[in-house]
Amino acid sequence: MRQVLITGATGLLGRPVFNACSAVKDWQVSGTAFRRGGLAFTKVDLSAIETIPPVLDTLRPEAIIHCAAERRPDVSEKDPAGTRRLNVEATAAIASWAKRTGCYLIYISSDYVFDGSHPPYTPSSPTCPLNTYGQSKLDGEEAIRASGAMAAFLRVPLLYGNVEYLDESSVTVIAQNMLNARGSGKKLSMDHWALRYPTLTDDVAVVLRQMLEHHWSKSPLTAIYHWSNNEVLTKYEMAMAFASTLNFDPAQLVPDMTPPSHAVPRPKDCHLDSSLLESLGIGQRTPFAQTIPDILTKFIK
Ligand SMILES: NC(=O)c1ccc[n+]([C@@H]2O[C@H](COP(=O)([O-])OP(=O)(O)OC[C@H]3O[C@@H](n4cnc5c(N)ncnc54)[C@H](OP(=O)(O)O)[C@@H]3O)[C@@H](O)[C@H]2O)c1
């Protein structure tokens, strides 16, 4: 049996990754979590760096898919030290343990390592994060490289999937805002400036499972990889796609073409070129509209 560990197994991405890997019959999959860590997963605060080696010594994984992170740009901007501890220093400690024990590491990174001015981005495109979160994800990549651990890096864009609550993803929070405004007749302004490539967490989970299978049964995967859906949508267009499921009057939606005046800068277009994984026969893409009714319906009262 191969021992696989998913960090952040309670997260938006970690949940489907845990399920996809658990479905492989020769893999024994464990998970770590923090606030939601119950009986199913090992509860650990990865920010307490000294706790990482003993936890890993106990779990003894042969591969780690490192999903745990602070991934909210606004929170990262307010707490750069805490973000650095989790996204960089904890990652470095995991990588150092992986190097020492020969464990293979897959690190989840982000399209926010780019500034969004020159899409599409290949894995070798120059990086230039615009905000603290993007910088921390890039520094996490660097920390792994510096450790010498055998590792792959998977950069992904904006994710959505089966959420536990609508605010859990920046995609489904749009639906929350629409439900709050439904029937009020009030106009709801939606960003129509930034181009996004919302990617289903179930698809990323399959990609990660395929990467691990490829690494173990075909050839080692030790580079930077990108995976992205190729449908381009602004938040306004996502809202339009939600309108019928939410029974929301599309006339209430107003496209806002001006660059957002966020305190935290966001890139305009970080389209990730996924051709490297495609050339290896790895990948799965679900059309955006396909899963939306399933994801949203349970939140409609
Ligand atoms: N979501 C996106 O749109 C997006 C886009 C690009 C890249 N990514 C990357 O994808 C990866 C997964 O993100 P996600 O969306 O699944 O994040 P998420 O939903 O916020 O989940 C974060 C996970 O990390 C765990 N965690 C948080 N703080 C921790 C701590 N101090 N110690 C141990 N575990 C801790 C959480 O556990 P508890 O919930 O149990 O506390 C949870 O399982 C991250 O690396 C993120 O940077 C995400």
# chains A, B, ... in the order shown; residues from 1 in each chain; ligands from 1
$ residues_near_ligand --ligand "ligand 1" --cutoff "6 Å" --atoms "only C-alpha atoms and all ligand atoms" --output "PyMOL selection string"
chain A and resi 8-14+33-37+44-47+67-71+108-110+156-159
$ select_by_dssp --residues "range 8-194 of chain A" --states "strand (DSSP E or B)" --output "VMD selection string"
chain A and resid 27 to 33 42 to 43 63 to 66 104 to 110 121 151 to 156 159 to 160 188 to 191
$ closest_residue --among "A:Phe288, A:Tyr121, A:Phe41, A:Tyr133" --to "Val171 in chain A" --atoms "only C-alpha atoms"
A:Phe288
$ residues_around --residues "range 139-153 of chain A" --least-positions-apart "6" --cutoff "10 Å" --atoms "only C-alpha atoms" --output "PyMOL selection string"
chain A and resi 63-66+84+86-110+113+123+133+211-212+215+220-226
$ closest_residue --among "A:Leu280, A:Val24, A:Ala81, A:Ala40" --to "Gln3 in chain A" --atoms "only C-alpha atoms"
A:Val24
$ atom_distance --atom1 "CA of Ala205 in chain A" --atom2 "CA of Asn230 in chain A"
16.8 Å
$ residues_around --residues "Arg196 in chain A" --least-positions-apart "4" --cutoff "12 Å" --atoms "only C-alpha atoms" --output "tab-separated table (two decimals) with all heavy atoms, in the first residue's frame"
chain	number	residue	atom	x	y	z
A	111	ASP	N	-2.20	30.92	-9.65
A	111	ASP	CA	-1.96	31.82	-10.80
A	111	ASP	C	-1.57	33.22	-10.33
A	111	ASP	O	-1.07	34.02	-11.12
A	111	ASP	CB	-3.21	31.89	-11.69
A	111	ASP	CG	-4.46	32.40	-10.98
A	111	ASP	OD1	-4.47	32.45	-9.74
A	111	ASP	OD2	-5.43	32.75	-11.68
A	112	TYR	N	-1.78	33.51	-9.03
A	112	TYR	CA	-1.42	34.84	-8.50
A	112	TYR	C	0.09	35.04	-8.37
A	112	TYR	O	0.53	36.08	-7.90
A	112	TYR	CB	-2.13	35.08	-7.17
A	112	TYR	CG	-3.52	35.67	-7.30
A	112	TYR	CD1	-4.29	35.43	-8.43
A	112	TYR	CD2	-4.06	36.47	-6.31
A	112	TYR	CE1	-5.56	35.98	-8.55
A	112	TYR	CE2	-5.33	37.02	-6.42
A	112	TYR	CZ	-6.07	36.77	-7.55
A	112	TYR	OH	-7.33	37.31	-7.67
A	116	GLY	N	-0.59	39.11	-14.37
A	116	GLY	CA	-1.79	39.16	-15.20
A	116	GLY	C	-1.71	40.08	-16.40
A	116	GLY	O	-2.71	40.33	-17.06
A	119	PRO	N	-0.75	37.23	-20.49
A	119	PRO	CA	-1.22	35.85	-20.62
A	119	PRO	C	-1.07	35.36	-22.06
A	119	PRO	O	-0.97	36.22	-22.96
A	119	PRO	CB	-2.70	35.97	-20.25
A	119	PRO	CG	-3.08	37.36	-20.66
A	119	PRO	CD	-1.85	38.20	-20.45
A	120	PRO	N	-1.09	34.08	-22.33
A	120	PRO	CA	-1.15	33.01	-21.33
A	120	PRO	C	0.23	32.75	-20.72
A	120	PRO	O	1.25	33.06	-21.33
A	120	PRO	CB	-1.63	31.80	-22.15
A	120	PRO	CG	-1.10	32.05	-23.52
A	120	PRO	CD	-1.12	33.53	-23.72
A	156	VAL	N	-2.79	26.57	-9.99
A	156	VAL	CA	-4.19	26.54	-10.43
A	156	VAL	C	-4.80	27.93	-10.29
A	156	VAL	O	-4.32	28.74	-9.50
A	156	VAL	CB	-5.02	25.50	-9.62
A	156	VAL	CG1	-4.55	24.09	-9.91
A	156	VAL	CG2	-4.96	25.78	-8.11
A	157	PRO	N	-5.88	28.20	-11.05
A	157	PRO	CA	-6.53	29.51	-10.94
A	157	PRO	C	-7.67	29.47	-9.91
A	157	PRO	O	-7.75	28.54	-9.09
A	157	PRO	CB	-7.07	29.70	-12.35
A	157	PRO	CG	-7.42	28.32	-12.79
A	157	PRO	CD	-6.50	27.38	-12.09
A	158	LEU	N	-8.55	30.44	-10.01
A	158	LEU	CA	-9.73	30.52	-9.14
A	158	LEU	C	-10.49	29.18	-9.14
A	158	LEU	O	-10.83	28.66	-10.20
A	158	LEU	CB	-10.64	31.62	-9.70
A	158	LEU	CG	-11.98	31.85	-9.05
A	158	LEU	CD1	-11.82	32.32	-7.61
A	158	LEU	CD2	-12.77	32.89	-9.85
A	159	LEU	N	-10.76	28.66	-7.93
A	159	LEU	CA	-11.40	27.34	-7.82
A	159	LEU	C	-12.83	27.48	-7.32
A	159	LEU	O	-13.16	28.38	-6.54
A	159	LEU	CB	-10.62	26.46	-6.84
A	159	LEU	CG	-9.15	26.20	-7.16
A	159	LEU	CD1	-8.51	25.36	-6.05
A	159	LEU	CD2	-9.00	25.51	-8.51
A	160	TYR	N	-13.68	26.55	-7.75
A	160	TYR	CA	-15.02	26.44	-7.19
A	160	TYR	C	-15.36	24.96	-7.13
A	160	TYR	O	-14.70	24.13	-7.77
A	160	TYR	CB	-16.05	27.21	-8.05
A	160	TYR	CG	-16.33	26.53	-9.37
A	160	TYR	CD1	-17.48	25.76	-9.56
A	160	TYR	CD2	-15.42	26.62	-10.42
A	160	TYR	CE1	-17.72	25.13	-10.76
A	160	TYR	CE2	-15.64	25.96	-11.63
A	160	TYR	CZ	-16.81	25.22	-11.79
A	160	TYR	OH	-17.03	24.57	-12.97
A	170	SER	N	-14.61	32.21	-3.91
A	170	SER	CA	-14.86	33.54	-4.50
A	170	SER	C	-15.82	33.44	-5.68
A	170	SER	O	-16.29	34.46	-6.18
A	170	SER	CB	-13.56	34.16	-4.98
A	170	SER	OG	-12.65	34.22	-3.94
A	171	VAL	N	-16.09	32.23	-6.16
A	171	VAL	CA	-17.08	32.05	-7.23
A	171	VAL	C	-18.48	32.00	-6.61
A	171	VAL	O	-19.38	32.76	-6.99
A	171	VAL	CB	-16.79	30.76	-8.03
A	171	VAL	CG1	-17.91	30.47	-9.02
A	171	VAL	CG2	-15.45	30.88	-8.74
A	191	ASP	N	-17.97	42.85	-11.17
A	191	ASP	CA	-16.72	43.09	-11.90
A	191	ASP	C	-16.77	42.45	-13.30
A	191	ASP	O	-17.04	41.26	-13.44
A	191	ASP	CB	-15.55	42.50	-11.10
A	191	ASP	CG	-14.23	42.66	-11.84
A	191	ASP	OD1	-14.07	43.67	-12.56
A	191	ASP	OD2	-13.38	41.76	-11.72
A	192	HIS	N	-16.54	43.29	-14.30
A	192	HIS	CA	-16.51	42.79	-15.68
A	192	HIS	C	-15.16	43.16	-16.31
A	192	HIS	O	-15.03	43.33	-17.51
A	192	HIS	CB	-17.67	43.42	-16.46
A	192	HIS	CG	-18.00	42.74	-17.75
A	192	HIS	ND1	-18.06	41.37	-17.91
A	192	HIS	CD2	-18.28	43.25	-18.99
A	192	HIS	CE1	-18.36	41.07	-19.16
A	192	HIS	NE2	-18.50	42.19	-19.84
A	228	SER	N	-5.73	24.48	-15.70
A	228	SER	CA	-6.79	25.49	-15.71
A	228	SER	C	-7.90	25.08	-16.65
A	228	SER	O	-7.64	24.47	-17.69
A	228	SER	CB	-6.20	26.82	-16.20
A	228	SER	OG	-7.22	27.79	-16.34
A	229	ASN	N	-9.11	25.46	-16.27
A	229	ASN	CA	-10.20	25.41	-17.23
A	229	ASN	C	-9.90	26.47	-18.30
A	229	ASN	O	-9.18	27.44	-18.01
A	229	ASN	CB	-11.51	25.73	-16.53
A	229	ASN	CG	-12.71	25.19	-17.26
A	229	ASN	OD1	-12.58	24.71	-18.39
A	229	ASN	ND2	-13.88	25.27	-16.66
A	230	ASN	N	-10.40	26.30	-19.51
A	230	ASN	CA	-10.09	27.28	-20.56
A	230	ASN	C	-11.24	28.24	-20.85
A	230	ASN	O	-11.11	29.10	-21.72
A	230	ASN	CB	-9.65	26.57	-21.84
A	230	ASN	CG	-8.23	26.05	-21.69
A	230	ASN	OD1	-7.44	26.61	-20.94
A	230	ASN	ND2	-7.92	24.95	-22.38
A	231	GLU	N	-12.37	28.08	-20.14
A	231	GLU	CA	-13.49	29.02	-20.34
A	231	GLU	C	-13.18	30.31	-19.60
A	231	GLU	O	-12.93	30.28	-18.39
A	231	GLU	CB	-14.75	28.44	-19.70
A	231	GLU	CG	-15.56	27.56	-20.58
A	231	GLU	CD	-16.67	26.93	-19.75
A	231	GLU	OE1	-16.39	25.90	-19.09
A	231	GLU	OE2	-17.78	27.47	-19.73
A	232	VAL	N	-13.24	31.41	-20.31
A	232	VAL	CA	-12.95	32.68	-19.67
A	232	VAL	C	-14.25	33.39	-19.28
A	232	VAL	O	-15.18	33.48	-20.09
A	232	VAL	CB	-12.05	33.57	-20.57
A	232	VAL	CG1	-12.66	33.83	-21.92
A	232	VAL	CG2	-11.72	34.88	-19.87
A	233	LEU	N	-14.32	33.83	-18.04
A	233	LEU	CA	-15.53	34.47	-17.52
A	233	LEU	C	-15.14	35.59	-16.57
A	233	LEU	O	-14.24	35.42	-15.74
A	233	LEU	CB	-16.37	33.47	-16.72
A	233	LEU	CG	-17.02	32.29	-17.46
A	233	LEU	CD1	-17.38	31.20	-16.46
A	233	LEU	CD2	-18.26	32.73	-18.19
A	234	THR	N	-15.84	36.71	-16.67
A	234	THR	CA	-15.71	37.72	-15.61
A	234	THR	C	-16.70	37.35	-14.50
A	234	THR	O	-17.57	36.48	-14.69
A	234	THR	CB	-16.06	39.12	-16.15
A	234	THR	OG1	-17.44	39.11	-16.55
A	234	THR	CG2	-15.17	39.51	-17.33
A	235	LYS	N	-16.59	38.04	-13.38
A	235	LYS	CA	-17.55	37.76	-12.30
A	235	LYS	C	-18.97	38.11	-12.75
A	235	LYS	O	-19.93	37.44	-12.36
A	235	LYS	CB	-17.14	38.50	-11.02
A	235	LYS	CG	-15.89	37.86	-10.43
A	235	LYS	CD	-15.66	38.18	-8.98
A	235	LYS	CE	-14.53	37.27	-8.48
A	235	LYS	NZ	-14.06	37.60	-7.14
A	236	TYR	N	-19.11	39.15	-13.58
A	236	TYR	CA	-20.43	39.50	-14.12
A	236	TYR	C	-20.99	38.32	-14.93
A	236	TYR	O	-22.17	37.95	-14.79
A	236	TYR	CB	-20.31	40.75	-14.98
A	236	TYR	CG	-21.54	41.05	-15.81
A	236	TYR	CD1	-22.68	41.57	-15.22
A	236	TYR	CD2	-21.54	40.79	-17.19
A	236	TYR	CE1	-23.81	41.82	-15.98
A	236	TYR	CE2	-22.67	41.05	-17.96
A	236	TYR	CZ	-23.81	41.56	-17.35
A	236	TYR	OH	-24.93	41.79	-18.09
A	237	GLU	N	-20.13	37.71	-15.75
A	237	GLU	CA	-20.59	36.59	-16.58
A	237	GLU	C	-20.92	35.36	-15.72
A	237	GLU	O	-21.84	34.59	-16.04
A	237	GLU	CB	-19.54	36.27	-17.65
A	237	GLU	CG	-19.50	37.35	-18.73
A	237	GLU	CD	-18.26	37.30	-19.61
A	237	GLU	OE1	-17.21	36.81	-19.15
A	237	GLU	OE2	-18.34	37.77	-20.75
A	238	MET	N	-20.17	35.17	-14.64
A	238	MET	CA	-20.51	34.06	-13.73
A	238	MET	C	-21.89	34.33	-13.11
A	238	MET	O	-22.72	33.42	-13.01
A	238	MET	CB	-19.46	33.94	-12.61
A	238	MET	CG	-18.10	33.48	-13.10
A	238	MET	SD	-16.93	33.36	-11.70
A	238	MET	CE	-15.44	33.98	-12.47
A	266	ARG	N	-5.24	42.96	-7.68
A	266	ARG	CA	-5.49	41.65	-8.29
A	266	ARG	C	-5.08	41.72	-9.76
A	266	ARG	O	-5.28	42.74	-10.41
A	266	ARG	CB	-6.97	41.30	-8.24
A	266	ARG	CG	-7.39	40.34	-7.15
A	266	ARG	CD	-7.89	41.03	-5.95
A	266	ARG	NE	-8.59	40.12	-5.04
A	266	ARG	CZ	-8.81	40.38	-3.79
A	266	ARG	NH1	-8.39	41.50	-3.25
A	266	ARG	NH2	-9.46	39.51	-3.02
A	267	PRO	N	-4.56	40.61	-10.29
A	267	PRO	CA	-4.18	40.60	-11.71
A	267	PRO	C	-5.40	40.59	-12.64
A	267	PRO	O	-6.47	40.13	-12.25
A	267	PRO	CB	-3.38	39.31	-11.85
A	267	PRO	CG	-3.60	38.53	-10.59
A	267	PRO	CD	-4.22	39.39	-9.58
A	268	LYS	N	-5.22	41.10	-13.87
A	268	LYS	CA	-6.34	41.16	-14.81
A	268	LYS	C	-6.60	39.83	-15.50
A	268	LYS	O	-7.74	39.39	-15.64
A	268	LYS	CB	-6.09	42.24	-15.87
A	268	LYS	CG	-7.22	42.34	-16.90
A	268	LYS	CD	-7.09	43.55	-17.78
A	268	LYS	CE	-8.08	43.55	-18.93
A	268	LYS	NZ	-9.48	43.53	-18.54
A	269	ASP	N	-5.55	39.17	-15.95
A	269	ASP	CA	-5.75	37.94	-16.73
A	269	ASP	C	-4.54	37.02	-16.55
A	269	ASP	O	-3.49	37.27	-17.14
A	269	ASP	CB	-5.93	38.29	-18.21
A	269	ASP	CG	-6.18	37.06	-19.08
A	269	ASP	OD1	-6.14	35.93	-18.54
A	269	ASP	OD2	-6.39	37.22	-20.29
A	270	CYS	N	-4.72	35.98	-15.75
A	270	CYS	CA	-3.61	35.05	-15.47
A	270	CYS	C	-3.81	33.71	-16.17
A	270	CYS	O	-3.48	32.67	-15.60
A	270	CYS	CB	-3.52	34.80	-13.97
A	270	CYS	SG	-2.72	36.14	-13.09
A	271	HIS	N	-4.34	33.74	-17.37
A	271	HIS	CA	-4.61	32.46	-18.03
A	271	HIS	C	-3.38	31.54	-17.99
A	271	HIS	O	-2.31	31.92	-18.47
A	271	HIS	CB	-5.05	32.70	-19.48
A	271	HIS	CG	-5.57	31.45	-20.13
A	271	HIS	ND1	-5.59	31.26	-21.49
A	271	HIS	CD2	-6.10	30.31	-19.59
A	271	HIS	CE1	-6.11	30.08	-21.76
A	271	HIS	NE2	-6.42	29.48	-20.63
A	272	LEU	N	-3.58	30.34	-17.44
A	272	LEU	CA	-2.48	29.38	-17.31
A	272	LEU	C	-2.50	28.42	-18.49
A	272	LEU	O	-3.54	27.82	-18.80
A	272	LEU	CB	-2.64	28.58	-16.01
A	272	LEU	CG	-2.58	29.37	-14.70
A	272	LEU	CD1	-2.93	28.47	-13.51
A	272	LEU	CD2	-1.21	30.00	-14.50
A	288	PHE	N	-18.21	25.05	-17.14
A	288	PHE	CA	-18.62	25.83	-15.96
A	288	PHE	C	-20.10	25.64	-15.65
A	288	PHE	O	-20.48	25.43	-14.50
A	288	PHE	CB	-18.29	27.31	-16.19
A	288	PHE	CG	-18.60	28.17	-15.00
A	288	PHE	CD1	-17.84	28.10	-13.85
A	288	PHE	CD2	-19.67	29.07	-15.02
A	288	PHE	CE1	-18.12	28.89	-12.74
A	288	PHE	CE2	-19.95	29.86	-13.92
A	288	PHE	CZ	-19.18	29.77	-12.78
$ select_by_dssp --residues "range 141-298 of chain A" --states "helix (DSSP H, G or I)" --output "ChimeraX atom specification"
/A:141-147,166-168,172-181,201-217,235-246,250-252,275-279,288-297
$ atom_distance --atom1 "CA of Arg72 in chain A" --atom2 "CA of Ser169 in chain A"
9.6 Å
$ decode --residues "range 131-160 of chain A" --atoms "N, CA and C atoms" --output "PDB file, in the first residue's frame"
ATOM      1  N   ASN A 131       0.408  40.799  -4.974  1.00  0.00           N
ATOM      2  CA  ASN A 131      -0.031  40.972  -3.591  1.00  0.00           C
ATOM      3  C   ASN A 131       0.663  39.967  -2.666  1.00  0.00           C
ATOM      4  N   THR A 132       0.449  40.156  -1.370  1.00  0.00           N
ATOM      5  CA  THR A 132       1.142  39.357  -0.340  1.00  0.00           C
ATOM      6  C   THR A 132       0.833  37.867  -0.500  1.00  0.00           C
ATOM      7  N   TYR A 133      -0.428  37.558  -0.797  1.00  0.00           N
ATOM      8  CA  TYR A 133      -0.795  36.149  -0.970  1.00  0.00           C
ATOM      9  C   TYR A 133       0.009  35.517  -2.117  1.00  0.00           C
ATOM     10  N   GLY A 134       0.023  36.193  -3.281  1.00  0.00           N
ATOM     11  CA  GLY A 134       0.745  35.648  -4.434  1.00  0.00           C
ATOM     12  C   GLY A 134       2.230  35.490  -4.141  1.00  0.00           C
ATOM     13  N   GLN A 135       2.790  36.479  -3.422  1.00  0.00           N
ATOM     14  CA  GLN A 135       4.215  36.400  -3.067  1.00  0.00           C
ATOM     15  C   GLN A 135       4.461  35.204  -2.148  1.00  0.00           C
ATOM     16  N   SER A 136       3.526  34.973  -1.209  1.00  0.00           N
ATOM     17  CA  SER A 136       3.727  33.856  -0.271  1.00  0.00           C
ATOM     18  C   SER A 136       3.673  32.510  -0.993  1.00  0.00           C
ATOM     19  N   LYS A 137       2.812  32.406  -2.012  1.00  0.00           N
ATOM     20  CA  LYS A 137       2.737  31.140  -2.762  1.00  0.00           C
ATOM     21  C   LYS A 137       4.026  30.921  -3.556  1.00  0.00           C
ATOM     22  N   LEU A 138       4.546  32.013  -4.123  1.00  0.00           N
ATOM     23  CA  LEU A 138       5.809  31.917  -4.857  1.00  0.00           C
ATOM     24  C   LEU A 138       6.957  31.568  -3.908  1.00  0.00           C
ATOM     25  N   ASP A 139       6.971  32.201  -2.736  1.00  0.00           N
ATOM     26  CA  ASP A 139       8.019  31.905  -1.753  1.00  0.00           C
ATOM     27  C   ASP A 139       7.919  30.456  -1.270  1.00  0.00           C
ATOM     28  N   GLY A 140       6.699  29.927  -1.204  1.00  0.00           N
ATOM     29  CA  GLY A 140       6.516  28.514  -0.855  1.00  0.00           C
ATOM     30  C   GLY A 140       7.167  27.619  -1.900  1.00  0.00           C
ATOM     31  N   GLU A 141       6.989  27.977  -3.172  1.00  0.00           N
ATOM     32  CA  GLU A 141       7.650  27.217  -4.251  1.00  0.00           C
ATOM     33  C   GLU A 141       9.171  27.251  -4.054  1.00  0.00           C
ATOM     34  N   GLU A 142       9.690  28.453  -3.793  1.00  0.00           N
ATOM     35  CA  GLU A 142      11.138  28.637  -3.620  1.00  0.00           C
ATOM     36  C   GLU A 142      11.669  27.809  -2.461  1.00  0.00           C
ATOM     37  N   ALA A 143      10.895  27.802  -1.363  1.00  0.00           N
ATOM     38  CA  ALA A 143      11.322  27.075  -0.166  1.00  0.00           C
ATOM     39  C   ALA A 143      11.454  25.581  -0.473  1.00  0.00           C
ATOM     40  N   ILE A 144      10.553  25.069  -1.293  1.00  0.00           N
ATOM     41  CA  ILE A 144      10.620  23.647  -1.637  1.00  0.00           C
ATOM     42  C   ILE A 144      11.843  23.387  -2.518  1.00  0.00           C
ATOM     43  N   ARG A 145      12.041  24.263  -3.492  1.00  0.00           N
ATOM     44  CA  ARG A 145      13.217  24.096  -4.368  1.00  0.00           C
ATOM     45  C   ARG A 145      14.505  24.116  -3.547  1.00  0.00           C
ATOM     46  N   ALA A 146      14.571  25.045  -2.597  1.00  0.00           N
ATOM     47  CA  ALA A 146      15.784  25.188  -1.775  1.00  0.00           C
ATOM     48  C   ALA A 146      16.029  23.941  -0.920  1.00  0.00           C
ATOM     49  N   SER A 147      14.937  23.228  -0.577  1.00  0.00           N
ATOM     50  CA  SER A 147      15.091  22.056   0.292  1.00  0.00           C
ATOM     51  C   SER A 147      15.714  20.867  -0.448  1.00  0.00           C
ATOM     52  N   GLY A 148      15.606  20.870  -1.768  1.00  0.00           N
ATOM     53  CA  GLY A 148      16.119  19.737  -2.546  1.00  0.00           C
ATOM     54  C   GLY A 148      15.177  18.540  -2.554  1.00  0.00           C
ATOM     55  N   ALA A 149      13.980  18.681  -1.982  1.00  0.00           N
ATOM     56  CA  ALA A 149      13.016  17.568  -1.981  1.00  0.00           C
ATOM     57  C   ALA A 149      12.558  17.262  -3.404  1.00  0.00           C
ATOM     58  N   MET A 150      12.191  15.994  -3.647  1.00  0.00           N
ATOM     59  CA  MET A 150      11.612  15.644  -4.949  1.00  0.00           C
ATOM     60  C   MET A 150      10.171  16.161  -4.959  1.00  0.00           C
ATOM     61  N   ALA A 151       9.912  17.120  -5.848  1.00  0.00           N
ATOM     62  CA  ALA A 151       8.615  17.792  -5.754  1.00  0.00           C
ATOM     63  C   ALA A 151       8.093  18.232  -7.106  1.00  0.00           C
ATOM     64  N   ALA A 152       6.767  18.294  -7.196  1.00  0.00           N
ATOM     65  CA  ALA A 152       6.088  18.898  -8.341  1.00  0.00           C
ATOM     66  C   ALA A 152       5.286  20.076  -7.811  1.00  0.00           C
ATOM     67  N   PHE A 153       5.063  21.061  -8.668  1.00  0.00           N
ATOM     68  CA  PHE A 153       4.347  22.282  -8.296  1.00  0.00           C
ATOM     69  C   PHE A 153       3.154  22.382  -9.236  1.00  0.00           C
ATOM     70  N   LEU A 154       1.964  22.449  -8.689  1.00  0.00           N
ATOM     71  CA  LEU A 154       0.783  22.600  -9.543  1.00  0.00           C
ATOM     72  C   LEU A 154       0.138  23.955  -9.280  1.00  0.00           C
ATOM     73  N   ARG A 155       0.229  24.844 -10.272  1.00  0.00           N
ATOM     74  CA  ARG A 155      -0.423  26.151 -10.158  1.00  0.00           C
ATOM     75  C   ARG A 155      -1.830  26.063 -10.741  1.00  0.00           C
ATOM     76  N   VAL A 156      -2.789  26.571  -9.986  1.00  0.00           N
ATOM     77  CA  VAL A 156      -4.189  26.538 -10.429  1.00  0.00           C
ATOM     78  C   VAL A 156      -4.800  27.931 -10.295  1.00  0.00           C
ATOM     79  N   PRO A 157      -5.879  28.204 -11.046  1.00  0.00           N
ATOM     80  CA  PRO A 157      -6.532  29.507 -10.940  1.00  0.00           C
ATOM     81  C   PRO A 157      -7.674  29.467  -9.914  1.00  0.00           C
ATOM     82  N   LEU A 158      -8.546  30.438 -10.005  1.00  0.00           N
ATOM     83  CA  LEU A 158      -9.733  30.519  -9.141  1.00  0.00           C
ATOM     84  C   LEU A 158     -10.490  29.181  -9.136  1.00  0.00           C
ATOM     85  N   LEU A 159     -10.757  28.660  -7.926  1.00  0.00           N
ATOM     86  CA  LEU A 159     -11.401  27.344  -7.822  1.00  0.00           C
ATOM     87  C   LEU A 159     -12.834  27.482  -7.318  1.00  0.00           C
ATOM     88  N   TYR A 160     -13.677  26.549  -7.750  1.00  0.00           N
ATOM     89  CA  TYR A 160     -15.024  26.443  -7.186  1.00  0.00           C
ATOM     90  C   TYR A 160     -15.362  24.961  -7.128  1.00  0.00           C
TER      91      TYR A 160
END
